[in-house]
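Quick look at model_5.tsv (TSV, C-alpha atoms and all ligand atoms):
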```
chain	number	residue	atom	x	y	z
A	230	MET	CA	60.20	46.85	-4.95
A	231	LEU	CA	62.04	43.57	-4.25
A	232	LYS	CA	59.15	41.17	-4.74
A	233	GLY	CA	60.43	37.86	-6.06
A	234	LYS	CA	63.91	38.38	-4.60
A	235	SER	CA	65.27	36.35	-1.72
A	236	VAL	CA	67.80	37.50	0.82
A	237	ILE	CA	69.96	36.12	3.60
A	238	VAL	CA	70.71	38.58	6.40
A	239	THR	CA	73.26	37.20	8.86
A	240	GLY	CA	72.95	38.22	12.49
A	241	SER	CA	69.35	39.33	12.03
A	242	THR	CA	67.79	38.33	15.35
A	243	SER	CA	68.84	41.66	16.89
A	244	GLY	CA	69.91	45.24	16.22
A	245	ILE	CA	70.91	46.39	12.73
A	246	GLY	CA	70.40	42.98	11.09
A	247	LEU	CA	66.85	42.73	12.38
A	248	GLY	CA	66.09	46.21	11.05
A	249	ILE	CA	67.52	45.28	7.64
A	250	ALA	CA	65.65	41.95	7.52
A	251	SER	CA	62.37	43.69	8.41
A	252	ALA	CA	62.94	46.29	5.68
A	253	PHE	CA	63.50	43.55	3.09
A	254	ALA	CA	60.28	41.81	4.14
A	255	ALA	CA	58.44	45.15	3.87
A	256	GLU	CA	59.82	45.47	0.30
A	257	GLY	CA	58.30	42.09	-0.57
A	258	ALA	CA	61.46	39.94	-0.49
A	259	ASP	CA	61.63	36.47	1.05
A	260	VAL	CA	64.02	36.59	4.00
A	261	LEU	CA	66.25	34.13	5.81
A	262	LEU	CA	66.83	35.25	9.38
A	263	ASN	CA	69.97	34.11	11.19
A	264	GLY	CA	71.47	34.66	14.60
A	265	PHE	CA	71.17	33.61	18.20
A	266	GLY	CA	68.42	34.19	20.73
A	267	ASP	CA	65.38	32.76	22.44
A	268	ALA	CA	63.72	30.20	20.12
A	269	ALA	CA	60.14	31.29	20.93
A	270	SER	CA	60.93	35.00	20.34
A	271	ILE	CA	62.63	34.23	17.02
A	272	GLU	CA	59.67	32.12	15.92
A	273	SER	CA	57.24	34.88	16.81
A	274	LEU	CA	59.41	37.40	14.95
A	275	ARG	CA	59.54	35.13	11.89
A	276	HIS	CA	55.79	34.56	11.95
A	277	GLY	CA	55.07	38.27	12.53
A	278	LEU	CA	57.10	39.34	9.50
A	279	GLU	CA	55.43	36.72	7.29
A	280	ALA	CA	51.95	37.77	8.39
A	281	ALA	CA	52.65	41.51	8.06
A	282	HIS	CA	54.21	41.41	4.60
A	283	ASP	CA	52.91	38.26	2.90
A	284	VAL	CA	56.43	36.93	2.23
A	285	LYS	CA	58.29	33.77	3.20
A	286	VAL	CA	60.50	34.22	6.25
A	287	ARG	CA	62.69	31.35	7.41
A	288	TYR	CA	65.28	31.05	10.14
A	289	SER	CA	68.69	29.39	10.31
A	290	PRO	CA	70.58	29.11	13.60
A	291	ALA	CA	73.89	28.70	11.72
A	292	ASP	CA	76.92	29.81	13.70
A	293	MET	CA	78.88	32.28	11.54
A	294	SER	CA	82.15	31.07	13.05
A	295	ARG	CA	81.59	27.65	11.39
A	296	PRO	CA	82.11	27.51	7.60
A	297	GLU	CA	80.16	24.25	7.16
A	298	GLU	CA	77.12	25.77	8.91
A	299	ILE	CA	77.36	28.82	6.64
A	300	ARG	CA	77.30	26.58	3.56
A	301	ASP	CA	74.35	24.61	4.99
A	302	MET	CA	72.52	27.90	5.62
A	303	ALA	CA	72.93	28.91	1.97
A	304	ASP	CA	71.65	25.48	0.88
A	305	TYR	CA	68.66	25.83	3.22
A	306	ALA	CA	67.78	29.26	1.79
A	307	ARG	CA	68.04	27.86	-1.74
A	308	ALA	CA	65.81	24.91	-0.81
A	309	GLU	CA	63.18	27.19	0.77
A	310	PHE	CA	63.20	30.09	-1.71
A	311	GLY	CA	64.54	28.43	-4.87
A	312	LYS	CA	67.50	30.85	-5.02
A	313	VAL	CA	69.53	33.44	-3.17
A	314	ASP	CA	69.61	36.86	-4.84
A	315	ILE	CA	70.96	39.05	-2.06
A	316	VAL	CA	73.22	38.52	0.94
A	317	VAL	CA	73.80	40.96	3.75
A	318	ASN	CA	76.84	40.04	5.83
A	319	ASN	CA	75.95	41.70	9.10
A	320	ALA	CA	76.71	39.33	12.01
A	321	GLY	CA	79.40	40.77	14.20
A	322	ILE	CA	80.77	40.81	17.71
A	323	GLN	CA	83.10	43.08	19.64
A	324	TYR	CA	85.75	42.66	22.32
A	325	VAL	CA	87.82	45.43	23.84
A	326	ALA	CA	91.31	44.95	25.36
A	327	PRO	CA	94.87	46.18	24.80
A	328	VAL	CA	96.74	44.11	22.20
A	329	GLU	CA	99.10	42.53	24.72
A	330	GLU	CA	96.15	41.34	26.83
A	331	PHE	CA	93.83	40.45	23.94
A	332	PRO	CA	92.73	36.81	24.38
A	333	GLU	CA	93.68	34.69	21.35
A	334	ASP	CA	90.35	32.90	21.31
A	335	LYS	CA	88.54	36.29	21.11
A	336	TRP	CA	90.83	37.37	18.26
A	337	ASN	CA	90.05	34.17	16.35
A	338	GLU	CA	86.31	34.42	17.05
A	339	ILE	CA	86.06	38.04	15.89
A	340	LEU	CA	88.05	37.37	12.71
A	341	ALA	CA	85.86	34.32	12.00
A	342	ILE	CA	82.48	36.01	12.56
A	343	ASN	CA	83.21	39.58	11.40
A	344	LEU	CA	85.36	38.70	8.37
A	345	SER	CA	85.70	35.05	7.34
A	346	ALA	CA	81.93	34.39	7.54
A	347	ALA	CA	81.40	36.94	4.76
A	348	PHE	CA	83.99	35.16	2.60
A	349	HIS	CA	82.33	31.76	3.12
A	350	LEU	CA	78.81	33.03	2.41
A	351	ILE	CA	79.85	35.02	-0.65
A	352	LYS	CA	81.73	31.97	-1.96
A	353	ALA	CA	78.63	29.82	-1.44
A	354	VAL	CA	76.25	32.12	-3.38
A	355	LEU	CA	78.39	33.58	-6.16
A	356	PRO	CA	78.00	30.70	-8.64
A	357	GLU	CA	74.20	31.02	-8.73
A	358	MET	CA	74.35	34.84	-8.83
A	359	LYS	CA	76.74	34.65	-11.78
A	360	ALA	CA	74.53	32.08	-13.51
A	361	ARG	CA	71.50	34.41	-13.21
A	362	HIS	CA	73.59	37.51	-13.96
A	363	TRP	CA	72.13	39.30	-10.94
A	364	GLY	CA	73.20	39.58	-7.34
A	365	ARG	CA	73.61	42.07	-4.54
A	366	ILE	CA	76.09	41.74	-1.68
A	367	VAL	CA	76.05	44.26	1.14
A	368	ASN	CA	78.67	43.97	3.86
A	369	ILE	CA	78.02	45.79	7.10
A	370	ALA	CA	81.50	47.04	7.95
A	371	SER	CA	82.01	50.01	10.27
A	372	ALA	CA	83.69	53.39	10.63
A	373	HIS	CA	86.26	51.08	12.20
A	374	GLY	CA	86.79	49.62	8.72
A	375	LEU	CA	88.32	52.98	7.80
A	376	LYS	CA	89.71	54.31	11.09
A	377	ALA	CA	91.25	52.74	14.17
A	378	SER	CA	90.45	53.16	17.84
A	379	PRO	CA	92.60	51.79	20.66
A	380	PHE	CA	91.78	48.43	22.27
A	381	LYS	CA	89.73	47.14	19.32
A	382	SER	CA	92.52	45.38	17.40
A	383	ALA	CA	90.52	42.37	16.25
A	384	TYR	CA	87.40	44.37	15.36
A	385	VAL	CA	89.34	47.06	13.47
A	386	ALA	CA	91.44	44.44	11.65
A	387	ALA	CA	88.36	42.41	10.71
A	388	LYS	CA	86.40	45.44	9.49
A	389	HIS	CA	89.37	46.74	7.45
A	390	GLY	CA	89.61	43.23	6.02
A	391	LEU	CA	85.89	43.20	5.20
A	392	ILE	CA	86.35	46.36	3.13
A	393	GLY	CA	89.25	44.70	1.27
A	394	LEU	CA	87.06	41.66	0.63
A	395	THR	CA	84.22	43.92	-0.58
A	396	ARG	CA	86.46	45.65	-3.12
A	397	THR	CA	87.97	42.38	-4.37
A	398	VAL	CA	84.60	40.66	-4.80
A	399	ALA	CA	83.32	43.79	-6.59
A	400	MET	CA	86.22	43.58	-9.05
A	401	GLU	CA	85.59	39.88	-9.71
A	402	THR	CA	81.83	40.26	-10.21
A	403	ALA	CA	81.57	43.64	-11.95
A	404	GLU	CA	80.76	42.17	-15.36
A	405	HIS	CA	78.31	39.61	-13.99
A	406	GLY	CA	75.42	41.88	-12.94
A	407	ILE	CA	76.50	41.64	-9.32
A	408	THR	CA	77.39	44.51	-6.99
A	409	CYS	CA	79.29	44.28	-3.73
A	410	ASN	CA	79.37	47.26	-1.37
A	411	ALA	CA	80.18	48.00	2.25
A	412	ILE	CA	78.23	50.24	4.60
A	413	CYS	CA	80.36	51.84	7.31
A	414	PRO	CA	78.18	52.98	10.20
A	415	GLY	CA	79.28	55.09	13.10
A	416	TYR	CA	77.78	54.22	16.47
A	417	VAL	CA	74.26	52.82	16.43
A	418	LYS	CA	72.43	52.17	19.70
A	419	THR	CA	72.02	48.39	19.61
A	420	PRO	CA	72.65	45.67	22.22
A	421	LEU	CA	76.29	45.50	20.99
A	422	VAL	CA	76.82	49.16	21.87
A	423	GLU	CA	74.72	49.09	25.06
A	424	GLN	CA	77.27	46.58	26.39
A	425	GLN	CA	80.14	48.94	25.51
A	426	ILE	CA	78.43	51.89	27.21
A	427	ALA	CA	78.04	49.87	30.42
A	428	ALA	CA	81.63	48.55	30.27
A	429	GLN	CA	83.16	51.99	29.61
A	430	ALA	CA	81.08	53.62	32.36
A	431	LYS	CA	82.51	51.06	34.76
A	432	THR	CA	86.10	51.42	33.49
A	433	HIS	CA	86.09	55.24	33.57
A	434	GLY	CA	83.87	55.54	36.65
A	435	ILE	CA	81.57	58.02	34.85
A	436	PRO	CA	77.82	58.02	34.10
A	437	ALA	CA	76.52	56.36	30.94
A	438	GLN	CA	75.42	59.72	29.48
A	439	ASP	CA	79.02	61.01	29.72
A	440	VAL	CA	80.35	57.85	28.05
A	441	ILE	CA	77.93	58.38	25.17
A	442	ARG	CA	78.88	62.03	24.55
A	443	ASP	CA	82.55	62.16	25.57
A	444	VAL	CA	83.80	58.70	24.64
A	445	LEU	CA	81.63	56.96	22.04
A	446	LEU	CA	80.33	59.97	20.12
A	447	ALA	CA	83.52	62.04	20.57
A	448	PRO	CA	84.59	61.53	16.91
A	449	GLN	CA	80.99	61.45	15.58
A	450	ALA	CA	80.49	65.13	14.72
A	451	ARG	CA	76.71	64.94	14.65
A	452	LYS	CA	76.68	63.73	18.29
A	453	GLU	CA	73.75	61.44	17.64
A	454	PHE	CA	73.56	57.70	17.16
A	455	VAL	CA	73.00	56.49	13.60
A	456	LYS	CA	69.52	54.98	13.34
A	457	ILE	CA	68.89	51.38	12.37
A	458	GLU	CA	66.17	52.55	9.94
A	459	GLU	CA	68.72	54.71	8.09
A	460	LEU	CA	71.03	51.71	7.61
A	461	ALA	CA	68.12	49.54	6.49
A	462	ALA	CA	67.04	52.16	3.93
A	463	MET	CA	70.60	52.38	2.54
A	464	THR	CA	70.80	48.60	2.26
A	465	ILE	CA	67.53	48.51	0.31
A	466	PHE	CA	68.79	51.32	-1.94
A	467	LEU	CA	72.01	49.37	-2.68
A	468	CYS	CA	69.82	46.48	-3.85
A	469	SER	CA	67.68	48.67	-6.11
A	470	SER	CA	68.14	49.29	-9.83
A	471	ALA	CA	69.10	52.89	-9.03
A	472	ALA	CA	72.31	51.56	-7.42
A	473	ALA	CA	73.29	49.29	-10.32
A	474	SER	CA	76.47	51.29	-10.96
A	475	MET	CA	77.49	51.36	-7.30
A	476	THR	CA	80.03	48.65	-6.61
A	477	ALA	CA	83.20	48.49	-4.53
A	478	SER	CA	81.84	51.45	-2.55
A	479	THR	CA	82.29	52.15	1.12
A	480	VAL	CA	79.19	54.07	2.10
A	481	THR	CA	79.86	55.99	5.29
A	482	MET	CA	76.89	56.67	7.59
A	483	ASP	CA	78.75	57.98	10.59
A	484	GLY	CA	77.62	61.50	11.41
A	485	GLY	CA	80.86	62.92	10.00
A	486	TRP	CA	83.30	60.69	11.91
A	487	THR	CA	85.61	59.46	9.18
A	488	GLN	CA	86.42	62.84	7.60
A	489	HIS	CA	88.87	63.35	10.48
A	501	LIG	P1	73.86	43.10	17.87
A	501	LIG	O1	74.70	42.53	18.95
A	501	LIG	O2	72.63	43.86	18.20
A	501	LIG	O3	73.46	41.96	16.83
A	501	LIG	C1	74.39	41.03	16.37
A	501	LIG	C2	73.67	39.92	15.67
A	501	LIG	O4	74.66	38.96	15.27
A	501	LIG	C3	72.69	39.16	16.58
A	501	LIG	O5	71.59	38.73	15.81
A	501	LIG	C4	73.51	37.95	17.04
A	501	LIG	O6	72.71	36.84	17.42
A	501	LIG	C5	74.29	37.67	15.78
A	501	LIG	N1	75.48	36.87	16.00
A	501	LIG	C6	76.48	37.06	16.88
A	501	LIG	N2	77.37	36.06	16.79
A	501	LIG	C7	76.93	35.22	15.81
A	501	LIG	C8	77.38	34.00	15.25
A	501	LIG	N3	78.50	33.42	15.68
A	501	LIG	N4	76.64	33.43	14.28
A	501	LIG	C9	75.48	33.97	13.86
A	501	LIG	N5	75.00	35.13	14.35
A	501	LIG	C10	75.70	35.74	15.32
A	501	LIG	O7	74.88	43.99	17.01
A	501	LIG	P2	74.64	45.23	16.01
A	501	LIG	O8	75.10	46.45	16.70
A	501	LIG	O9	73.30	45.18	15.39
A	501	LIG	O10	75.77	44.90	14.93
A	501	LIG	C11	75.49	44.37	13.66
A	501	LIG	C12	76.67	44.63	12.74
A	501	LIG	O11	76.86	46.04	12.60
A	501	LIG	C13	78.00	44.08	13.26
A	501	LIG	O12	78.75	43.54	12.19
A	501	LIG	C14	78.67	45.31	13.83
A	501	LIG	O13	80.08	45.18	13.81
A	501	LIG	C15	78.19	46.36	12.86
A	501	LIG	N6	78.28	47.72	13.38
A	501	LIG	C16	77.61	48.06	14.51
A	501	LIG	C17	77.73	49.36	15.00
A	501	LIG	C18	77.01	49.81	16.23
A	501	LIG	O14	77.32	50.92	16.70
A	501	LIG	N7	76.08	49.06	16.78
A	501	LIG	C19	78.54	50.29	14.33
A	501	LIG	C20	79.21	49.88	13.18
A	501	LIG	C21	79.07	48.60	12.72
```

Turn the structure described in the file into structure tokens.
Amino acid sequence: MLKGKSVIVTGSTSGIGLGIASAFAAEGADVLLNGFGDAASIESLRHGLEAAHDVKVRYSPADMSRPEEIRDMADYARAEFGKVDIVVNNAGIQYVAPVEEFPEDKWNEILAINLSAAFHLIKAVLPEMKARHWGRIVNIASAHGLKASPFKSAYVAAKHGLIGLTRTVAMETAEHGITCNAICPGYVKTPLVEQQIAAQAKTHGIPAQDVIRDVLLAPQARKEFVKIEELAAMTIFLCSSAAASMTASTVTMDGGWTQH
């Protein structure tokens, strides 16, 4: 369905981003992987996707907290694929602490990776999207882009900001064949959340299973983790012609969390 398109998925060496990148390759798009991890594993992932789907898959180790590396990454994708049609701003990190104890370097890092990186990448690709009168931008926000939880000040602020950025970019690009939407997942069982389960189990002195049901999934009415495949399918849909009229949307996939 997306043969001939090329896509950058930030933070795609793990979790949700990897699922989204794999789905794009399966749809026939050329894909730029990005993120951290073991070099040999990333190379085997890259090669595996190319072989399975007969598409170009490249990798950029750009650090999303560094604007110049983000710009270089966009240039690299353009050099390898000839253009960038789609960006998925997915890279994100978490840190949990009360506001008065929240380390300033963690605040700055989360704002840089979870919010400012999306601004820098969108800025780098918009001119060519406008010139071709086609582009798709999907920002992976969070239920925490719509609702707050205690001890996640930087994450909640960044994700609320990402939704504001999504809506603004959508307004500026609406007549240029470009859409910009945010997906707001509830909890998804990825390495980012596995760390939180372990940390909360330690803090509360309760088993991991209790943390999952009584802490993490407490507001998520469905009481099940959102699946990576569901988020990948929604991302592909947002890039399809059927979603041409969807822009400035916040698509919730949270098992009923944010109706509260
Ligand atoms: P993850 O930890 O599994 O993956 C994060 C990815 O981002 C990895 O590839 C990592 O290498 C990359 N990354 C981290 N810092 C980076 C940096 N400075 N530069 C480049 N890449 C970097 O996390 P995940 O759970 O898959 O989360 C992906 C996105 O989904 C995040 O934006 C997260 O906030 C959001 N999200 C996750 C959940 C969840 O429950 N897991 C829920 C809502 C939203």

Residues near segment 438-454 of chain A, cut-off 9 Å, all atoms listed in the file, skip fewer than 3 positions along chain, as an MDAnalysis selection string | chainID A and resid 415:418 425:427 429:430 433 435 483:487 489

Residues from last step as file, C-alpha atoms, as a PDB file, in the coordinates of the input:
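Output file out27.pdb follows:
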```pdb
ATOM      1  CA  GLY A 415      79.280  55.090  13.100  1.00  0.00           C
ATOM      2  CA  TYR A 416      77.780  54.220  16.470  1.00  0.00           C
ATOM      3  CA  VAL A 417      74.260  52.820  16.430  1.00  0.00           C
ATOM      4  CA  LYS A 418      72.430  52.170  19.700  1.00  0.00           C
ATOM      5  CA  GLN A 425      80.140  48.940  25.510  1.00  0.00           C
ATOM      6  CA  ILE A 426      78.430  51.890  27.210  1.00  0.00           C
ATOM      7  CA  ALA A 427      78.040  49.870  30.420  1.00  0.00           C
ATOM      8  CA  GLN A 429      83.160  51.990  29.610  1.00  0.00           C
ATOM      9  CA  ALA A 430      81.080  53.620  32.360  1.00  0.00           C
ATOM     10  CA  HIS A 433      86.090  55.240  33.570  1.00  0.00           C
ATOM     11  CA  ILE A 435      81.570  58.020  34.850  1.00  0.00           C
ATOM     12  CA  ASP A 483      78.750  57.980  10.590  1.00  0.00           C
ATOM     13  CA  GLY A 484      77.620  61.500  11.410  1.00  0.00           C
ATOM     14  CA  GLY A 485      80.860  62.920  10.000  1.00  0.00           C
ATOM     15  CA  TRP A 486      83.300  60.690  11.910  1.00  0.00           C
ATOM     16  CA  THR A 487      85.610  59.460   9.180  1.00  0.00           C
ATOM     17  CA  HIS A 489      88.870  63.350  10.480  1.00  0.00           C
TER      18      HIS A 489
END
```

Can you tell me which residues come within 7 Å of ligand LIG 501 (chain A) when counting all atoms listed in the file, ideally as a PyMOL selection string?
-> chain A and resi 239-246+263-266+290-294+319-323+342-343+369-372+413-422

So that each row is one residue of segment 341-389 of chain A with an atom at most 12 Å from segment 460-480 of chain A, can you give its shortest atom pair and the distance in Å to one decimal, using only C-alpha atoms, rows by chain and rising number, as a Markdown table?
```
| residue | atom | partner | partner_atom | distance |
| --- | --- | --- | --- | --- |
| A:Trp363 | CA | A:Ala473 | CA | 10.1 |
| A:Gly364 | CA | A:Cys468 | CA | 8.4 |
| A:Arg365 | CA | A:Cys468 | CA | 5.9 |
| A:Ile366 | CA | A:Cys468 | CA | 8.2 |
| A:Val367 | CA | A:Thr464 | CA | 6.9 |
| A:Asn368 | CA | A:Thr464 | CA | 9.3 |
| A:Ile369 | CA | A:Thr464 | CA | 9.1 |
| A:Ala370 | CA | A:Thr479 | CA | 8.6 |
| A:Ser371 | CA | A:Thr479 | CA | 9.4 |
| A:Ala372 | CA | A:Val480 | CA | 9.7 |
| A:His373 | CA | A:Thr479 | CA | 11.8 |
| A:Gly374 | CA | A:Thr479 | CA | 9.2 |
| A:Leu375 | CA | A:Thr479 | CA | 9.0 |
| A:Lys388 | CA | A:Thr479 | CA | 11.5 |
| A:His389 | CA | A:Thr479 | CA | 10.9 |
```

Option closest in space to Val286 of chain A, from A:Ala347, A:Met482, A:Leu247, A:Leu261 [counting only C-alpha atoms] =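 Of all the options, A:Leu261 lies closest to Val286 of chain A.
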
Using all atoms listed in the file, which of the listed residues (A:Lys285, A:Glu338, A:Lys381, A:Arg307) sits closest to Ala353 of chain A?
->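 The answer is A:Arg307, which sits nearest to Ala353 of chain A.
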
Point-to-point distance in Å for atom CA of Glu272 of chain A and atom CA of Leu350 of chain A |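 Computed distance, atom CA of Leu350 of chain A to atom CA of Glu272 of chain A, equals 23.4 Å.
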
Atomic distance atom CA of Asp314 of chain A - atom CA of Glu357 of chain A, expressed in Å with one decimal = 8.4 Å

Would you compute an axis-aligned box for segment 379-396 of chain A, covering every atom listed for it in the file with 6 Å of margin on each side, and report centre and edge lengths in Å to one decimal as JSON?
```
{"center_x": 88.4, "center_y": 46.7, "center_z": 9.6, "size_x": 20.4, "size_y": 22.1, "size_z": 37.4}
```

Tell me, in Å to one decimal, how far atom CA of Lys431 of chain A is from atom CA of Asp267 of chain A.
->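 Taking atom CA of Lys431 of chain A as the start and atom CA of Asp267 of chain A as the end point, the length is 27.9 Å.
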